[in-house]
Amino acid sequence: MRLEQLMYLVAVNESKSISLAAERSHISQPALSSAISKLEDELGVVLLKRTNSGAYLTDVGELIIVKAKEVLSGIDDIKAIAHGNSLVLNGNISIAADPGVNITIMPDILTTFKYNHPKVNVLLKVGESNNILQDIEKGKADFGIILSTDAFRKSKDMQSIELFADEFVVITGSNRKLASESTITLKRALSLPILLYNTEYITECGVSSLLQKHGSFNVSYRVDNLEMMEKILTQGEAIAFVPKFMADEYTKTSKIKKIPLSDARLDVSVVLIWSDRHHLCMIEKEFIRVIRATCSRKAEVRS
């Protein structure tokens, strides 16, 4: 039995796909499949059920994966003891971030982490929160930083850490008629043309599920590009609901105006999520530490 075989088994369990696990482990699919088959032969049991819809652990595989994660965690602990602060981390991390998080917090997170660990490659994807949740559930990303949506709160087998709390505000073009007002009622805001950020053609995004609780509304635009979002807001009469921390970033230019709600508070939390199936290696634990520290500093500045 080799450590690589346990690592590959954990990778398949996380992604539910031999091909995706091989891609993320940087080996060929036949090589990964062969390594697990040899492990099954050595143990005399079947660990994976290979189906057209993916690869899933058998009952005995579910028991063995727990021990496999313990072994891999133990290896990380041994490395940490042996090297202390001098340990050079290397490998890959994939993270998906909500667009507001991407333009405000991720630059500091990535530059801080990369400065301390230059040999670690961080792969970043930007997406709407519910779409990121789906990517985490499917094993396409290690972590996600998202808005705490209804879909997230209903999800199962998910670990999370709340990074900070915020509230939604309205944004519009500074040259629009609405920009002259200091506040707006929620009822009036819902009656205006609304722009939503979507990263799939058909999706119920986190913001729309929140707004549905307060009545009907008119979605005039769905876009997956922040630059396009800004242009539409400045050239038309549409508004967008975004967290205050994102609005503050937009209003650093003179093109966008932030307008608080006068009669309602739409609270939102920003959370770091990962799947229960995902084994946290030493690199990822350090990445989580940097994320939490960066968000804590940002929260202190905002307060």
# chains A, B, ... in the order shown; residues from 1 in each chain; ligands from 1

$ residues_around --residues "Tyr197 (chain A)" --least-positions-apart "2" --cutoff "9 Å" --atoms "only C-alpha atoms" --output "count of residues only"
15

$ residues_around --residues "Arg292 (chain A)" --least-positions-apart "2" --cutoff "12 Å" --atoms "only C-alpha atoms" --output "PyMOL selection string"
chain A and resi 105-106+108-109+113+145+160-164+270-272+285-290+294-299

$ select_by_dssp --residues "region 10-206 of chain A" --states "strand (DSSP E or B)" --output "VMD selection string"
chain A and resid 48 to 51 54 to 57 91 to 97 120 to 126 143 to 147 158 to 173 184 193 to 197

$ closest_residue --among "A:Glu284, A:Glu230, A:Glu42, A:Glu181" --to "Ile259 (chain A)" --atoms "only C-alpha atoms"
A:Glu181

$ closest_residue --among "A:Gly206, A:Pro193, A:Gly100, A:Gly91" --to "Asp150 (chain A)" --atoms "only C-alpha atoms"
A:Gly206

$ residues_around --residues "Val126 (chain A)" --least-positions-apart "5" --cutoff "9 Å" --atoms "only C-alpha atoms" --output "count of residues only"
8

$ select_by_dssp --residues "region 74-281 of chain A" --states "helix (DSSP H, G or I)" --output "number ranges by chain"
A: 74-86, 99-104, 106-116, 129-137, 150-154, 177-180, 186-191, 206-214, 226-235, 244-250

$ residues_around --residues "Ile194 (chain A)" --least-positions-apart "4" --cutoff "8 Å" --atoms "only C-alpha atoms" --output "PyMOL selection string"
chain A and resi 190+217-221+238-241

$ residues_around --residues "Ala179 (chain A)" --least-positions-apart "4" --cutoff "9 Å" --atoms "only C-alpha atoms" --output "ChimeraX atom specification"
/A:171-175,256-259

$ atom_distance --atom1 "CA of Ile232 (chain A)" --atom2 "CA of Met246 (chain A)"
16.8 Å

$ closest_residue --among "A:Ala31, A:Ser216, A:Thr234, A:Val170" --to "Leu266 (chain A)" --atoms "only C-alpha atoms"
A:Val170

$ residues_around --residues "Glu137 (chain A)" --least-positions-apart "3" --cutoff "12 Å" --atoms "only C-alpha atoms" --output "list in words"
Asn13, Glu14, Ser15, Lys16, Asn130, Asn131, Ile132, Leu133, Gln134, Lys140, Ala141, Asp142, Phe143, Gly144, Ala151, Phe152, Ser155, Lys156, Asp157, Met158, Gln159, Ile273, Trp274, Ser275, Asp276, Arg277 and His278 of chain A

$ write_last_selection --atoms "N, CA, C and O atoms" --output "JSON list (two decimals), in the first residue's frame"
[["chain", "number", "residue", "atom", "x", "y", "z"],
["A", 13, "ASN", "N", -13.19, 10.21, -4.18],
["A", 13, "ASN", "CA", -14.32, 10.41, -3.27],
["A", 13, "ASN", "C", -14.79, 11.86, -3.29],
["A", 13, "ASN", "O", -15.98, 12.14, -3.22],
["A", 14, "GLU", "N", -13.85, 12.80, -3.39],
["A", 14, "GLU", "CA", -14.20, 14.22, -3.38],
["A", 14, "GLU", "C", -14.93, 14.63, -4.66],
["A", 14, "GLU", "O", -15.88, 15.39, -4.62],
["A", 15, "SER", "N", -14.45, 14.13, -5.79],
["A", 15, "SER", "CA", -15.01, 14.58, -7.08],
["A", 15, "SER", "C", -16.08, 13.65, -7.64],
["A", 15, "SER", "O", -16.80, 14.03, -8.57],
["A", 16, "LYS", "N", -16.19, 12.43, -7.09],
["A", 16, "LYS", "CA", -17.12, 11.42, -7.60],
["A", 16, "LYS", "C", -16.86, 11.11, -9.07],
["A", 16, "LYS", "O", -17.77, 10.69, -9.79],
["A", 130, "ASN", "N", -24.75, 30.43, -5.85],
["A", 130, "ASN", "CA", -25.40, 29.13, -5.98],
["A", 130, "ASN", "C", -24.67, 28.24, -6.98],
["A", 130, "ASN", "O", -24.63, 27.01, -6.81],
["A", 131, "ASN", "N", -24.11, 28.84, -8.03],
["A", 131, "ASN", "CA", -23.33, 28.05, -8.98],
["A", 131, "ASN", "C", -22.04, 27.53, -8.35],
["A", 131, "ASN", "O", -21.62, 26.40, -8.62],
["A", 132, "ILE", "N", -21.43, 28.35, -7.49],
["A", 132, "ILE", "CA", -20.23, 27.91, -6.78],
["A", 132, "ILE", "C", -20.57, 26.75, -5.86],
["A", 132, "ILE", "O", -19.82, 25.77, -5.76],
["A", 133, "LEU", "N", -21.71, 26.84, -5.18],
["A", 133, "LEU", "CA", -22.16, 25.75, -4.31],
["A", 133, "LEU", "C", -22.24, 24.44, -5.08],
["A", 133, "LEU", "O", -21.79, 23.39, -4.60],
["A", 134, "GLN", "N", -22.77, 24.50, -6.29],
["A", 134, "GLN", "CA", -22.87, 23.30, -7.12],
["A", 134, "GLN", "C", -21.48, 22.77, -7.49],
["A", 134, "GLN", "O", -21.25, 21.56, -7.51],
["A", 140, "LYS", "N", -15.59, 20.14, -8.16],
["A", 140, "LYS", "CA", -14.86, 20.90, -9.17],
["A", 140, "LYS", "C", -13.96, 21.96, -8.56],
["A", 140, "LYS", "O", -13.08, 22.50, -9.24],
["A", 141, "ALA", "N", -14.18, 22.31, -7.30],
["A", 141, "ALA", "CA", -13.36, 23.29, -6.61],
["A", 141, "ALA", "C", -13.16, 22.83, -5.17],
["A", 141, "ALA", "O", -14.02, 22.15, -4.60],
["A", 142, "ASP", "N", -12.02, 23.18, -4.59],
["A", 142, "ASP", "CA", -11.73, 22.80, -3.20],
["A", 142, "ASP", "C", -12.53, 23.63, -2.22],
["A", 142, "ASP", "O", -13.07, 23.12, -1.24],
["A", 143, "PHE", "N", -12.59, 24.94, -2.48],
["A", 143, "PHE", "CA", -13.26, 25.89, -1.59],
["A", 143, "PHE", "C", -14.14, 26.84, -2.39],
["A", 143, "PHE", "O", -13.93, 27.05, -3.58],
["A", 144, "GLY", "N", -15.07, 27.46, -1.69],
["A", 144, "GLY", "CA", -15.83, 28.55, -2.27],
["A", 144, "GLY", "C", -16.01, 29.64, -1.24],
["A", 144, "GLY", "O", -16.14, 29.36, -0.04],
["A", 151, "ALA", "N", -30.11, 28.28, -0.85],
["A", 151, "ALA", "CA", -29.62, 27.00, -1.35],
["A", 151, "ALA", "C", -28.47, 26.47, -0.48],
["A", 151, "ALA", "O", -28.39, 25.28, -0.19],
["A", 152, "PHE", "N", -27.59, 27.37, -0.06],
["A", 152, "PHE", "CA", -26.49, 26.95, 0.81],
["A", 152, "PHE", "C", -27.02, 26.47, 2.15],
["A", 152, "PHE", "O", -26.59, 25.43, 2.67],
["A", 155, "SER", "N", -28.27, 23.04, 1.96],
["A", 155, "SER", "CA", -27.33, 22.02, 1.46],
["A", 155, "SER", "C", -26.88, 21.10, 2.59],
["A", 155, "SER", "O", -26.92, 21.45, 3.77],
["A", 156, "LYS", "N", -26.46, 19.91, 2.20],
["A", 156, "LYS", "CA", -25.99, 18.91, 3.16],
["A", 156, "LYS", "C", -24.52, 18.60, 2.89],
["A", 156, "LYS", "O", -23.99, 18.90, 1.83],
["A", 157, "ASP", "N", -23.89, 17.97, 3.86],
["A", 157, "ASP", "CA", -22.50, 17.52, 3.72],
["A", 157, "ASP", "C", -21.57, 18.67, 3.34],
["A", 157, "ASP", "O", -20.69, 18.53, 2.49],
["A", 158, "MET", "N", -21.77, 19.81, 3.99],
["A", 158, "MET", "CA", -20.96, 20.99, 3.68],
["A", 158, "MET", "C", -20.41, 21.58, 4.97],
["A", 158, "MET", "O", -21.12, 21.75, 5.95],
["A", 159, "GLN", "N", -19.11, 21.88, 4.97],
["A", 159, "GLN", "CA", -18.48, 22.58, 6.07],
["A", 159, "GLN", "C", -18.43, 24.07, 5.73],
["A", 159, "GLN", "O", -18.30, 24.45, 4.56],
["A", 273, "ILE", "N", -16.78, 27.87, 2.24],
["A", 273, "ILE", "CA", -17.38, 26.53, 2.26],
["A", 273, "ILE", "C", -16.46, 25.51, 1.60],
["A", 273, "ILE", "O", -15.66, 25.83, 0.74],
["A", 274, "TRP", "N", -16.61, 24.26, 2.05],
["A", 274, "TRP", "CA", -15.97, 23.12, 1.39],
["A", 274, "TRP", "C", -16.76, 21.87, 1.73],
["A", 274, "TRP", "O", -17.51, 21.83, 2.71],
["A", 275, "SER", "N", -16.61, 20.84, 0.93],
["A", 275, "SER", "CA", -17.38, 19.63, 1.09],
["A", 275, "SER", "C", -16.86, 18.78, 2.25],
["A", 275, "SER", "O", -15.66, 18.76, 2.54],
["A", 276, "ASP", "N", -17.79, 18.08, 2.92],
["A", 276, "ASP", "CA", -17.42, 17.12, 3.95],
["A", 276, "ASP", "C", -16.48, 16.05, 3.40],
["A", 276, "ASP", "O", -15.67, 15.48, 4.13],
["A", 277, "ARG", "N", -16.62, 15.77, 2.10],
["A", 277, "ARG", "CA", -15.79, 14.72, 1.48],
["A", 277, "ARG", "C", -14.35, 15.17, 1.29],
["A", 277, "ARG", "O", -13.47, 14.34, 1.08],
["A", 278, "HIS", "N", -14.14, 16.49, 1.34],
["A", 278, "HIS", "CA", -12.82, 17.02, 0.99],
["A", 278, "HIS", "C", -11.86, 16.92, 2.16],
["A", 278, "HIS", "O", -12.13, 17.44, 3.25]]

$ closest_residue --among "A:Leu124, A:Ala247, A:Val268, A:Ala68" --to "Ser148 (chain A)" --atoms "only C-alpha atoms"
A:Val268

$ closest_residue --among "A:Ser182, A:Leu196, A:Lys187, A:Leu3" --to "Asp76 (chain A)" --atoms "only C-alpha atoms"
A:Leu3

$ residues_around --residues "Glu23 (chain A)" --least-positions-apart "5" --cutoff "10 Å" --atoms "only C-alpha atoms" --output "PyMOL selection string"
chain A and resi 11+17-18+28-29+32

$ atom_distance --atom1 "CA of Val71 (chain A)" --atom2 "CA of Met7 (chain A)"
9.8 Å

$ closest_residue --among "A:Ala264, A:Ala293, A:Ile184, A:Leu280" --to "His214 (chain A)" --atoms "only C-alpha atoms"
A:Ala264
